[in-house]
Amino acid sequence: MEHRAPPQKSLRFGIGLRREHFDDIADRLDEVDFLEFLPENFLRFGGRPSRVLREVAARVDVTSHGVSLSLGGPDPLNKTYLTELRTLLDELDTPWFSDHLSYSSAFGVEYHDLLPLPFTAEAVDHVVSRIQFAQDFIGRPLLVENPSYYMSYPDSELTEAEFVNEVVSRADCNLLLDVNNVYVNAQNHGYDARAFIAAMPADRVLQYHMAGHIQGDGFLVDTHSMPVRDEVMDLYRYTLETVGPAWTLLEWDHAIPSLDGMIAELSRIRETAASAHLAPGTLEVAA
Amino acid sequence: MIGSNPRLDDAFGAVHAVLRGDQVPQTAAAQVGLDPVRMAFYADAVYSHVREVLEKDFCALAAVLGPSRFEPLVREYFEIRPFDAYELNENAAAFRDLLARCASAGRHGVTDFHVELAEVEWQEFTVYVSPEVIPEPSQVQAPTLNPTLVILQLDHGANDFLDEWRDGAQGDVLPPIPDQPNPTTLFVLRHPETENVLFVAADEALLFALKAAHDGLTVSAAAEEAALPIQTVQSIYQSAADWGVVVLPEEKNP
């Protein structure tokens, strides 16, 4: 099925559209290149959430980043959710939509958390068909995100990088590469973050996520509650040099700072990107 | 789809049993080779989402009950009402039913006041996200009711308590819980101009404006029907519009 063609890969910088910034965001749109919204926080809401979303979408690009598609889950995909999502994305004309390479519901229960899949051929088969269905249903490019995960299955036949590559290739979808998740997972599961980045399908990466994490009880936890750590900034620079430019989003979902704080942190990311040695001809910075 | 994925099926089942609290992590983890500590980490996270949304949507209630009485309610709600909506807050809607049952049975120290407080807080949320579109003054021909308006009949003064608690910046020192019955008709609405959610105890003037606007009466028609001076009805309608209860036409001619 034909999907809306994604834009050319380019280096742009955005933040999430959060309720905490509803009063100010419309006055600060010239300081971001795009905004990302969680559709679950807007789909069924009227009032201020609805008005602000439509107001900003009329002035800057917006992307949709879902958390409840449950691409890897055992239950049938939620057609009600998909229909509501399609209607909203058509109205806002987003360049793509994204969700996670994991599952968030099972047996009729919404966990509101992201559960990992085993890295097996069986799981690839399972999730590929669901990604294809969702992408066809929405009619826009679907970006799947590599999630952070804190438990791994002993019967996994593939490495995480192999799993991601296999899914993205067979489903013919795109990738939202969360650089913080790569760092956290590499630390927690004992692999080389740079080797993982280098193994990613560069031509399919249209977006990056950057976020903060904390030290948990014996492992790192991806909390989206902190500034981006310097180690993750370094990995982002390496990612840009290896994978190439892509829209880059600062994710911050807990202990959300003021808009000034968000813009300042986004500036750190811009500065890191500016220090990256990008291959000639790959840099197309947004006007 | 599950039938063709037996090992995936095992994984889904084992994880689900732990997340729902039906099985201890040690047992389920052994079935699929997962780390029980990490399974417990996920189970804690999923349960925390339940607590967090209830604390957010019913923050005054949580403060009044305190952790020792609120936490058992969270646990019971988690057990009897698995979340099934992708929109997180929707899953909190039935918490009021649990509170009502607890109040009837005298469990967890829940009283009718707590049930009423929860109802006001929940309606504030539903009004905030109401998909109803409030018309502009240029779009109405006669005084028109704000379509986000919700009317509650209260008996226990939850609105007064909320006012006092919020005036005190929602601190740890709680205002006294009203101990006398105080029948009140409460209007909860989203203000057409500020978009802020507010509530107001209806007095006779607001009730008059509500009925007249509901019946689509212009100022002159309402004045005639109630045998009141036009200026009086104009004043009543204007006050209701200031509160956001009604939207007046741009031209406020009788």
# chains A, B, ... in the order shown; residues from 1 in each chain; ligands from 1
>>> select_by_dssp(residues="stretch 192-239 of chain A", states="strand (DSSP E or B)", output="MDAnalysis selection string")
chainID A and resid 205:210 213:215 220:222
>>> write_last_selection(atoms="all heavy atoms", output="compact mmCIF listing (two decimals), in the first residue's frame")
# COMPACT_ATOMS: atom_id res chain seq x y z
N VAL A 205 16.53 5.45 9.41
CA VAL A 205 16.43 6.23 10.64
C VAL A 205 16.00 7.65 10.30
O VAL A 205 16.74 8.42 9.69
CB VAL A 205 17.77 6.25 11.40
CG1 VAL A 205 17.65 7.15 12.64
CG2 VAL A 205 18.18 4.85 11.79
N LEU A 206 14.79 8.00 10.69
CA LEU A 206 14.26 9.33 10.40
C LEU A 206 14.21 10.22 11.63
O LEU A 206 14.02 11.42 11.52
CB LEU A 206 12.85 9.23 9.80
CG LEU A 206 12.73 8.53 8.45
CD1 LEU A 206 11.29 8.58 7.96
CD2 LEU A 206 13.65 9.17 7.42
N GLN A 207 14.33 9.62 12.80
CA GLN A 207 14.21 10.44 14.01
C GLN A 207 15.06 9.85 15.13
O GLN A 207 15.25 8.62 15.21
CB GLN A 207 12.74 10.51 14.46
CG GLN A 207 12.48 11.53 15.57
CD GLN A 207 11.02 11.66 15.95
OE1 GLN A 207 10.13 11.21 15.24
NE2 GLN A 207 10.77 12.28 17.09
N TYR A 208 15.57 10.75 15.97
CA TYR A 208 16.28 10.35 17.19
C TYR A 208 15.52 10.85 18.40
O TYR A 208 14.86 11.88 18.35
CB TYR A 208 17.69 10.96 17.24
CG TYR A 208 18.62 10.54 16.14
CD1 TYR A 208 19.24 11.49 15.33
CD2 TYR A 208 18.90 9.19 15.91
CE1 TYR A 208 20.11 11.12 14.32
CE2 TYR A 208 19.77 8.81 14.90
CZ TYR A 208 20.37 9.78 14.11
OH TYR A 208 21.21 9.42 13.10
N HIS A 209 15.64 10.11 19.49
CA HIS A 209 15.19 10.59 20.79
C HIS A 209 16.40 10.75 21.70
O HIS A 209 17.30 9.91 21.69
CB HIS A 209 14.21 9.60 21.43
CG HIS A 209 12.78 9.85 21.07
ND1 HIS A 209 11.75 9.04 21.49
CD2 HIS A 209 12.20 10.81 20.32
CE1 HIS A 209 10.60 9.49 21.02
NE2 HIS A 209 10.85 10.56 20.31
N MET A 210 16.36 11.83 22.46
CA MET A 210 17.37 12.06 23.49
C MET A 210 16.64 12.27 24.81
O MET A 210 15.61 12.95 24.85
CB MET A 210 18.20 13.29 23.14
CG MET A 210 19.02 13.15 21.88
SD MET A 210 20.44 12.09 22.13
CE MET A 210 21.53 13.23 22.96
N HIS A 213 18.43 9.68 32.07
CA HIS A 213 18.18 8.43 32.80
C HIS A 213 18.78 8.54 34.18
O HIS A 213 19.55 9.47 34.47
CB HIS A 213 18.76 7.23 32.04
CG HIS A 213 20.25 7.28 31.88
ND1 HIS A 213 20.87 7.72 30.73
CD2 HIS A 213 21.25 6.97 32.74
CE1 HIS A 213 22.17 7.67 30.88
NE2 HIS A 213 22.45 7.23 32.08
N ILE A 214 18.42 7.61 35.04
CA ILE A 214 18.98 7.63 36.40
C ILE A 214 19.62 6.28 36.70
O ILE A 214 19.37 5.28 36.00
CB ILE A 214 17.88 7.92 37.46
CG1 ILE A 214 16.81 6.82 37.45
CG2 ILE A 214 17.27 9.29 37.24
CD1 ILE A 214 15.86 6.90 38.65
N GLN A 215 20.40 6.27 37.73
CA GLN A 215 20.98 5.01 38.22
C GLN A 215 19.97 4.36 39.14
O GLN A 215 19.62 4.92 40.18
CB GLN A 215 22.29 5.27 38.96
CG GLN A 215 22.92 4.04 39.59
CD GLN A 215 23.39 3.04 38.53
OE1 GLN A 215 24.13 3.38 37.63
NE2 GLN A 215 22.94 1.78 38.65
N LEU A 220 20.60 0.92 35.07
CA LEU A 220 20.15 2.24 34.67
C LEU A 220 18.67 2.19 34.32
O LEU A 220 18.18 1.20 33.78
CB LEU A 220 20.95 2.74 33.46
CG LEU A 220 22.47 2.83 33.63
CD1 LEU A 220 23.11 3.39 32.36
CD2 LEU A 220 22.83 3.70 34.83
N VAL A 221 17.97 3.28 34.61
CA VAL A 221 16.54 3.35 34.32
C VAL A 221 16.26 4.58 33.46
O VAL A 221 16.65 5.71 33.80
CB VAL A 221 15.70 3.43 35.61
CG1 VAL A 221 14.21 3.42 35.27
CG2 VAL A 221 16.02 2.27 36.54
N ASP A 222 15.61 4.35 32.35
CA ASP A 222 15.27 5.40 31.39
C ASP A 222 14.03 6.13 31.90
O ASP A 222 12.90 5.68 31.71
CB ASP A 222 14.99 4.70 30.04
CG ASP A 222 14.41 5.63 29.00
OD1 ASP A 222 14.84 6.79 28.94
OD2 ASP A 222 13.52 5.18 28.24
>>> residues_around(residues="A:Leu235", least_positions_apart="4", cutoff="8 Å", atoms="only C-alpha atoms", output="NGL selection string")
:A and (179 or 183 or 193-194 or 231 or 239)
>>> closest_atom_pairs(of="stretch 63-92 of chain A", to="stretch 133-157 of chain A", cutoff="10 Å", atoms="only C-alpha atoms", output="JSON lines")
{"residue": "A:Ser64", "atom": "CA", "partner": "A:Leu143", "partner_atom": "CA", "distance": 9.9}
{"residue": "A:His65", "atom": "CA", "partner": "A:Leu143", "partner_atom": "CA", "distance": 8.9}
{"residue": "A:Gly66", "atom": "CA", "partner": "A:Val144", "partner_atom": "CA", "distance": 9.9}
{"residue": "A:Leu69", "atom": "CA", "partner": "A:Ala134", "partner_atom": "CA", "distance": 8.7}
{"residue": "A:Leu71", "atom": "CA", "partner": "A:Ala134", "partner_atom": "CA", "distance": 8.4}
{"residue": "A:Leu77", "atom": "CA", "partner": "A:Ala134", "partner_atom": "CA", "distance": 8.0}
{"residue": "A:Asn78", "atom": "CA", "partner": "A:Ala134", "partner_atom": "CA", "distance": 9.7}
{"residue": "A:Lys79", "atom": "CA", "partner": "A:Phe137", "partner_atom": "CA", "distance": 9.1}
{"residue": "A:Leu82", "atom": "CA", "partner": "A:Ile138", "partner_atom": "CA", "distance": 7.0}
{"residue": "A:Thr83", "atom": "CA", "partner": "A:Ile138", "partner_atom": "CA", "distance": 7.8}
{"residue": "A:Glu84", "atom": "CA", "partner": "A:Ile138", "partner_atom": "CA", "distance": 9.8}
{"residue": "A:Leu85", "atom": "CA", "partner": "A:Ile138", "partner_atom": "CA", "distance": 7.6}
{"residue": "A:Arg86", "atom": "CA", "partner": "A:Ile138", "partner_atom": "CA", "distance": 5.1}
{"residue": "A:Thr87", "atom": "CA", "partner": "A:Ile138", "partner_atom": "CA", "distance": 8.6}
{"residue": "A:Leu89", "atom": "CA", "partner": "A:Ile138", "partner_atom": "CA", "distance": 8.2}
{"residue": "A:Asp90", "atom": "CA", "partner": "A:Ile138", "partner_atom": "CA", "distance": 8.6}
>>> residues_around(residues="stretch 185-200 of chain B", least_positions_apart="5", cutoff="7 Å", atoms="only C-alpha atoms", output="PyMOL selection string")
(chain A and resi 48) or (chain B and resi 124+127-128+134+148-154+244)
>>> closest_residue(among="A:Leu17, A:Ile256, A:Val109, A:Leu278", to="A:Phe42", atoms="only C-alpha atoms")
A:Leu17
>>> select_by_dssp(residues="stretch 18-81 of chain B", states="alpha helix (DSSP H)", output="PyMOL selection string")
chain B and resi 18-19+25-32+36-57+59-80
>>> atom_distance(atom1="atom CA of A:Asp230", atom2="atom CA of A:Glu265")
11.8 Å
>>> residues_around(residues="A:Asn188", least_positions_apart="3", cutoff="7 Å", atoms="only C-alpha atoms", output="CSV table (one decimal) with N, CA and C atoms, in the first residue's frame")
chain,number,residue,atom,x,y,z
A,184,VAL,N,21.4,3.1,27.7
A,184,VAL,CA,20.9,2.4,28.9
A,184,VAL,C,20.9,0.9,28.6
A,185,ASN,N,20.5,0.5,27.5
A,185,ASN,CA,20.4,-1.0,27.2
A,185,ASN,C,21.8,-1.6,27.2
A,219,PHE,N,21.0,-1.1,38.1
A,219,PHE,CA,20.9,-0.9,36.6
A,219,PHE,C,20.4,0.5,36.3
A,220,LEU,N,20.6,0.9,35.1
A,220,LEU,CA,20.1,2.2,34.7
A,220,LEU,C,18.7,2.2,34.3
>>> atom_distance(atom1="atom CA of A:Ala246", atom2="atom CA of A:Asp23")
28.7 Å
